[in-house]
Amino acid sequence: MIAPRLVLTAAARKDIAEAQDWYRREGPALAASFRDELDRQIARVLHHPSQFPFARADVRRAKLRRFPYSLLFRVMSDGIYMIACFHSSRDPEMWQRRV
């Protein structure tokens with residue numbers, strides 16, 4: 001099975017960069033661990049997107065296991081659109097405004 005293409009919105013790219021920068025300041029090993037978990041969860045999303053629950057309407061949520069972040073994405077006919085990498089303590093209205 002060929003995985004669909006991943007499209008990262010500008011907002012999702014910014015979310016990921018900010019999270020990586022924060023973990024990098026905490027320590028290189030923690031930053032590497034965050035990136036590994038992020039990549040692992042993205043791979044799961046690409047191969048089995050329907051296993052993740054809906055967070056809102058047609059937006060699904062994939063929670064990172066070791067870190068307090070969720071990936072929020074839409075499955076579209078031309079790919080999977082990642083709209084946010086969102087910290088669980090933030091107000092969910094912030095990512096909901098993106099949809």
# chains A, B, ... in the order shown; residues from 1 in each chain; ligands from 1
>>> residues_around(residues="range 71-83 of chain A", least_positions_apart="4", cutoff="10 Å", atoms="only C-alpha atoms", output="PDB file with N, CA and C atoms, in the first residue's frame")
ATOM      1  N   ALA A   3       1.466   5.037   0.851  1.00  0.00           N
ATOM      2  CA  ALA A   3       0.955   6.045   1.782  1.00  0.00           C
ATOM      3  C   ALA A   3       0.581   7.304   1.013  1.00  0.00           C
ATOM      4  N   PRO A   4      -0.484   7.978   1.440  1.00  0.00           N
ATOM      5  CA  PRO A   4      -0.849   9.239   0.801  1.00  0.00           C
ATOM      6  C   PRO A   4       0.209  10.297   1.085  1.00  0.00           C
ATOM      7  N   ARG A   5       0.174  11.344   0.312  1.00  0.00           N
ATOM      8  CA  ARG A   5       1.146  12.418   0.541  1.00  0.00           C
ATOM      9  C   ARG A   5       0.738  13.239   1.750  1.00  0.00           C
ATOM     10  N   LEU A   6       1.715  13.749   2.441  1.00  0.00           N
ATOM     11  CA  LEU A   6       1.495  14.582   3.616  1.00  0.00           C
ATOM     12  C   LEU A   6       1.669  16.041   3.213  1.00  0.00           C
ATOM     13  N   VAL A   7       0.702  16.855   3.578  1.00  0.00           N
ATOM     14  CA  VAL A   7       0.772  18.289   3.346  1.00  0.00           C
ATOM     15  C   VAL A   7       0.752  18.971   4.704  1.00  0.00           C
ATOM     16  N   LEU A   8       1.842  19.644   5.032  1.00  0.00           N
ATOM     17  CA  LEU A   8       1.912  20.403   6.280  1.00  0.00           C
ATOM     18  C   LEU A   8       1.517  21.846   5.998  1.00  0.00           C
ATOM     19  N   THR A   9       0.490  22.316   6.668  1.00  0.00           N
ATOM     20  CA  THR A   9       0.124  23.719   6.503  1.00  0.00           C
ATOM     21  C   THR A   9       1.228  24.588   7.120  1.00  0.00           C
ATOM     22  N   ALA A  10       1.230  25.861   6.758  1.00  0.00           N
ATOM     23  CA  ALA A  10       2.226  26.779   7.321  1.00  0.00           C
ATOM     24  C   ALA A  10       2.092  26.839   8.844  1.00  0.00           C
ATOM     25  N   ALA A  11       0.870  26.821   9.332  1.00  0.00           N
ATOM     26  CA  ALA A  11       0.649  26.869  10.784  1.00  0.00           C
ATOM     27  C   ALA A  11       1.195  25.612  11.460  1.00  0.00           C
ATOM     28  N   ALA A  12       0.998  24.455  10.856  1.00  0.00           N
ATOM     29  CA  ALA A  12       1.521  23.207  11.427  1.00  0.00           C
ATOM     30  C   ALA A  12       3.050  23.211  11.416  1.00  0.00           C
ATOM     31  N   ARG A  13       3.638  23.700  10.338  1.00  0.00           N
ATOM     32  CA  ARG A  13       5.107  23.810  10.279  1.00  0.00           C
ATOM     33  C   ARG A  13       5.627  24.690  11.416  1.00  0.00           C
ATOM     34  N   ASP A  15       4.084  25.336  14.279  1.00  0.00           N
ATOM     35  CA  ASP A  15       3.880  24.619  15.543  1.00  0.00           C
ATOM     36  C   ASP A  15       5.033  23.653  15.812  1.00  0.00           C
ATOM     37  N   ILE A  16       5.385  22.870  14.791  1.00  0.00           N
ATOM     38  CA  ILE A  16       6.444  21.869  14.941  1.00  0.00           C
ATOM     39  C   ILE A  16       7.782  22.539  15.221  1.00  0.00           C
ATOM     40  N   LEU A  38       7.452  12.292  16.982  1.00  0.00           N
ATOM     41  CA  LEU A  38       6.691  13.013  15.962  1.00  0.00           C
ATOM     42  C   LEU A  38       6.720  12.247  14.642  1.00  0.00           C
ATOM     43  N   GLN A  41       4.605   9.051  14.831  1.00  0.00           N
ATOM     44  CA  GLN A  41       3.160   9.284  14.791  1.00  0.00           C
ATOM     45  C   GLN A  41       2.720   9.752  13.403  1.00  0.00           C
ATOM     46  N   ILE A  42       3.526  10.537  12.729  1.00  0.00           N
ATOM     47  CA  ILE A  42       3.205  10.946  11.360  1.00  0.00           C
ATOM     48  C   ILE A  42       3.139   9.721  10.455  1.00  0.00           C
ATOM     49  N   VAL A  45      -0.104   8.020  11.034  1.00  0.00           N
ATOM     50  CA  VAL A  45      -1.183   8.789  10.400  1.00  0.00           C
ATOM     51  C   VAL A  45      -1.229   8.506   8.907  1.00  0.00           C
ATOM     52  N   LEU A  46      -0.071   8.489   8.272  1.00  0.00           N
ATOM     53  CA  LEU A  46      -0.025   8.269   6.821  1.00  0.00           C
ATOM     54  C   LEU A  46      -0.479   6.867   6.426  1.00  0.00           C
ATOM     55  N   PRO A  49      -4.765   6.395   8.751  1.00  0.00           N
ATOM     56  CA  PRO A  49      -5.406   7.613   9.273  1.00  0.00           C
ATOM     57  C   PRO A  49      -6.760   7.364   9.934  1.00  0.00           C
ATOM     58  N   SER A  50      -7.481   6.361   9.497  1.00  0.00           N
ATOM     59  CA  SER A  50      -8.826   6.142  10.045  1.00  0.00           C
ATOM     60  C   SER A  50      -8.804   5.539  11.451  1.00  0.00           C
ATOM     61  N   PHE A  52      -7.517   6.928  13.965  1.00  0.00           N
ATOM     62  CA  PHE A  52      -7.510   8.030  14.918  1.00  0.00           C
ATOM     63  C   PHE A  52      -8.905   8.638  15.056  1.00  0.00           C
ATOM     64  N   PHE A  54     -12.023  11.321  15.682  1.00  0.00           N
ATOM     65  CA  PHE A  54     -12.325  12.676  15.254  1.00  0.00           C
ATOM     66  C   PHE A  54     -12.251  13.613  16.452  1.00  0.00           C
ATOM     67  N   ALA A  55     -11.626  14.754  16.237  1.00  0.00           N
ATOM     68  CA  ALA A  55     -11.564  15.796  17.260  1.00  0.00           C
ATOM     69  C   ALA A  55     -12.672  16.816  17.021  1.00  0.00           C
ATOM     70  N   ARG A  56     -13.011  16.966  15.750  1.00  0.00           N
ATOM     71  CA  ARG A  56     -14.058  17.918  15.356  1.00  0.00           C
ATOM     72  C   ARG A  56     -14.398  17.659  13.897  1.00  0.00           C
ATOM     73  N   ALA A  57     -15.672  17.519  13.591  1.00  0.00           N
ATOM     74  CA  ALA A  57     -16.156  17.321  12.221  1.00  0.00           C
ATOM     75  C   ALA A  57     -15.266  16.337  11.468  1.00  0.00           C
ATOM     76  N   ASP A  58     -14.499  16.831  10.500  1.00  0.00           N
ATOM     77  CA  ASP A  58     -13.649  15.955   9.691  1.00  0.00           C
ATOM     78  C   ASP A  58     -12.175  16.034  10.070  1.00  0.00           C
ATOM     79  N   VAL A  59     -11.878  16.553  11.250  1.00  0.00           N
ATOM     80  CA  VAL A  59     -10.499  16.680  11.723  1.00  0.00           C
ATOM     81  C   VAL A  59     -10.224  15.570  12.739  1.00  0.00           C
ATOM     82  N   ARG A  60      -9.168  14.802  12.478  1.00  0.00           N
ATOM     83  CA  ARG A  60      -8.778  13.709  13.370  1.00  0.00           C
ATOM     84  C   ARG A  60      -7.600  14.133  14.243  1.00  0.00           C
ATOM     85  N   ARG A  61      -7.445  13.427  15.371  1.00  0.00           N
ATOM     86  CA  ARG A  61      -6.383  13.747  16.329  1.00  0.00           C
ATOM     87  C   ARG A  61      -5.528  12.514  16.598  1.00  0.00           C
ATOM     88  N   ALA A  62      -4.217  12.704  16.471  1.00  0.00           N
ATOM     89  CA  ALA A  62      -3.251  11.656  16.817  1.00  0.00           C
ATOM     90  C   ALA A  62      -2.379  12.205  17.946  1.00  0.00           C
ATOM     91  N   LYS A  63      -2.536  11.639  19.132  1.00  0.00           N
ATOM     92  CA  LYS A  63      -1.769  12.111  20.287  1.00  0.00           C
ATOM     93  C   LYS A  63      -0.375  11.497  20.276  1.00  0.00           C
ATOM     94  N   LEU A  64       0.619  12.329  20.573  1.00  0.00           N
ATOM     95  CA  LEU A  64       1.962  11.810  20.768  1.00  0.00           C
ATOM     96  C   LEU A  64       1.983  11.107  22.120  1.00  0.00           C
ATOM     97  N   HIS A  87      -0.103  21.700  21.521  1.00  0.00           N
ATOM     98  CA  HIS A  87       0.160  21.361  22.918  1.00  0.00           C
ATOM     99  C   HIS A  87      -1.170  21.231  23.657  1.00  0.00           C
ATOM    100  N   TRP A  95      -6.533  26.030  17.442  1.00  0.00           N
ATOM    101  CA  TRP A  95      -6.413  25.198  16.244  1.00  0.00           C
ATOM    102  C   TRP A  95      -7.746  25.122  15.508  1.00  0.00           C
ATOM    103  N   GLN A  96      -8.853  25.236  16.224  1.00  0.00           N
ATOM    104  CA  GLN A  96     -10.154  25.143  15.579  1.00  0.00           C
ATOM    105  C   GLN A  96     -10.400  26.308  14.626  1.00  0.00           C
ATOM    106  N   ARG A  98      -8.342  27.330  12.600  1.00  0.00           N
ATOM    107  CA  ARG A  98      -7.605  27.016  11.374  1.00  0.00           C
ATOM    108  C   ARG A  98      -8.436  26.201  10.390  1.00  0.00           C
ATOM    109  N   VAL A  99      -9.523  25.610  10.846  1.00  0.00           N
ATOM    110  CA  VAL A  99     -10.317  24.729   9.966  1.00  0.00           C
ATOM    111  C   VAL A  99     -11.467  25.456   9.319  1.00  0.00           C
TER     112      VAL A  99
END
>>> residues_around(residues="Ala31 in chain A", least_positions_apart="5", cutoff="8 Å", atoms="only C-alpha atoms", output="PyMOL selection string")
chain A and resi 20-21+23-24+26
>>> write_last_selection(atoms="N, CA and C atoms", output="tab-separated table (two decimals), in the first residue's frame")
chain	number	residue	atom	x	y	z
A	20	GLN	N	9.98	21.96	18.57
A	20	GLN	CA	11.36	21.45	18.45
A	20	GLN	C	12.35	22.41	19.08
A	21	ASP	N	12.16	23.71	18.85
A	21	ASP	CA	13.06	24.70	19.44
A	21	ASP	C	13.02	24.64	20.97
A	23	TYR	N	12.18	22.05	22.90
A	23	TYR	CA	12.84	20.83	23.38
A	23	TYR	C	14.35	20.89	23.15
A	24	ARG	N	14.78	21.52	22.09
A	24	ARG	CA	16.23	21.68	21.84
A	24	ARG	C	16.88	22.48	22.96
A	26	GLU	N	15.88	22.52	25.99
A	26	GLU	CA	15.87	21.66	27.18
A	26	GLU	C	16.97	20.61	27.12
>>> atom_distance(atom1="CA of Tyr69 in chain A", atom2="CA of Ala17 in chain A")
13.0 Å
>>> select_by_dssp(residues="range 31-73 of chain A", states="strand (DSSP E)", output="ChimeraX atom specification")
/A:54-56,59-63,69-73
>>> closest_residue(among="A:Arg66, A:His48, A:Ile2, A:Glu18", to="Phe34 in chain A", atoms="only C-alpha atoms")
A:Arg66
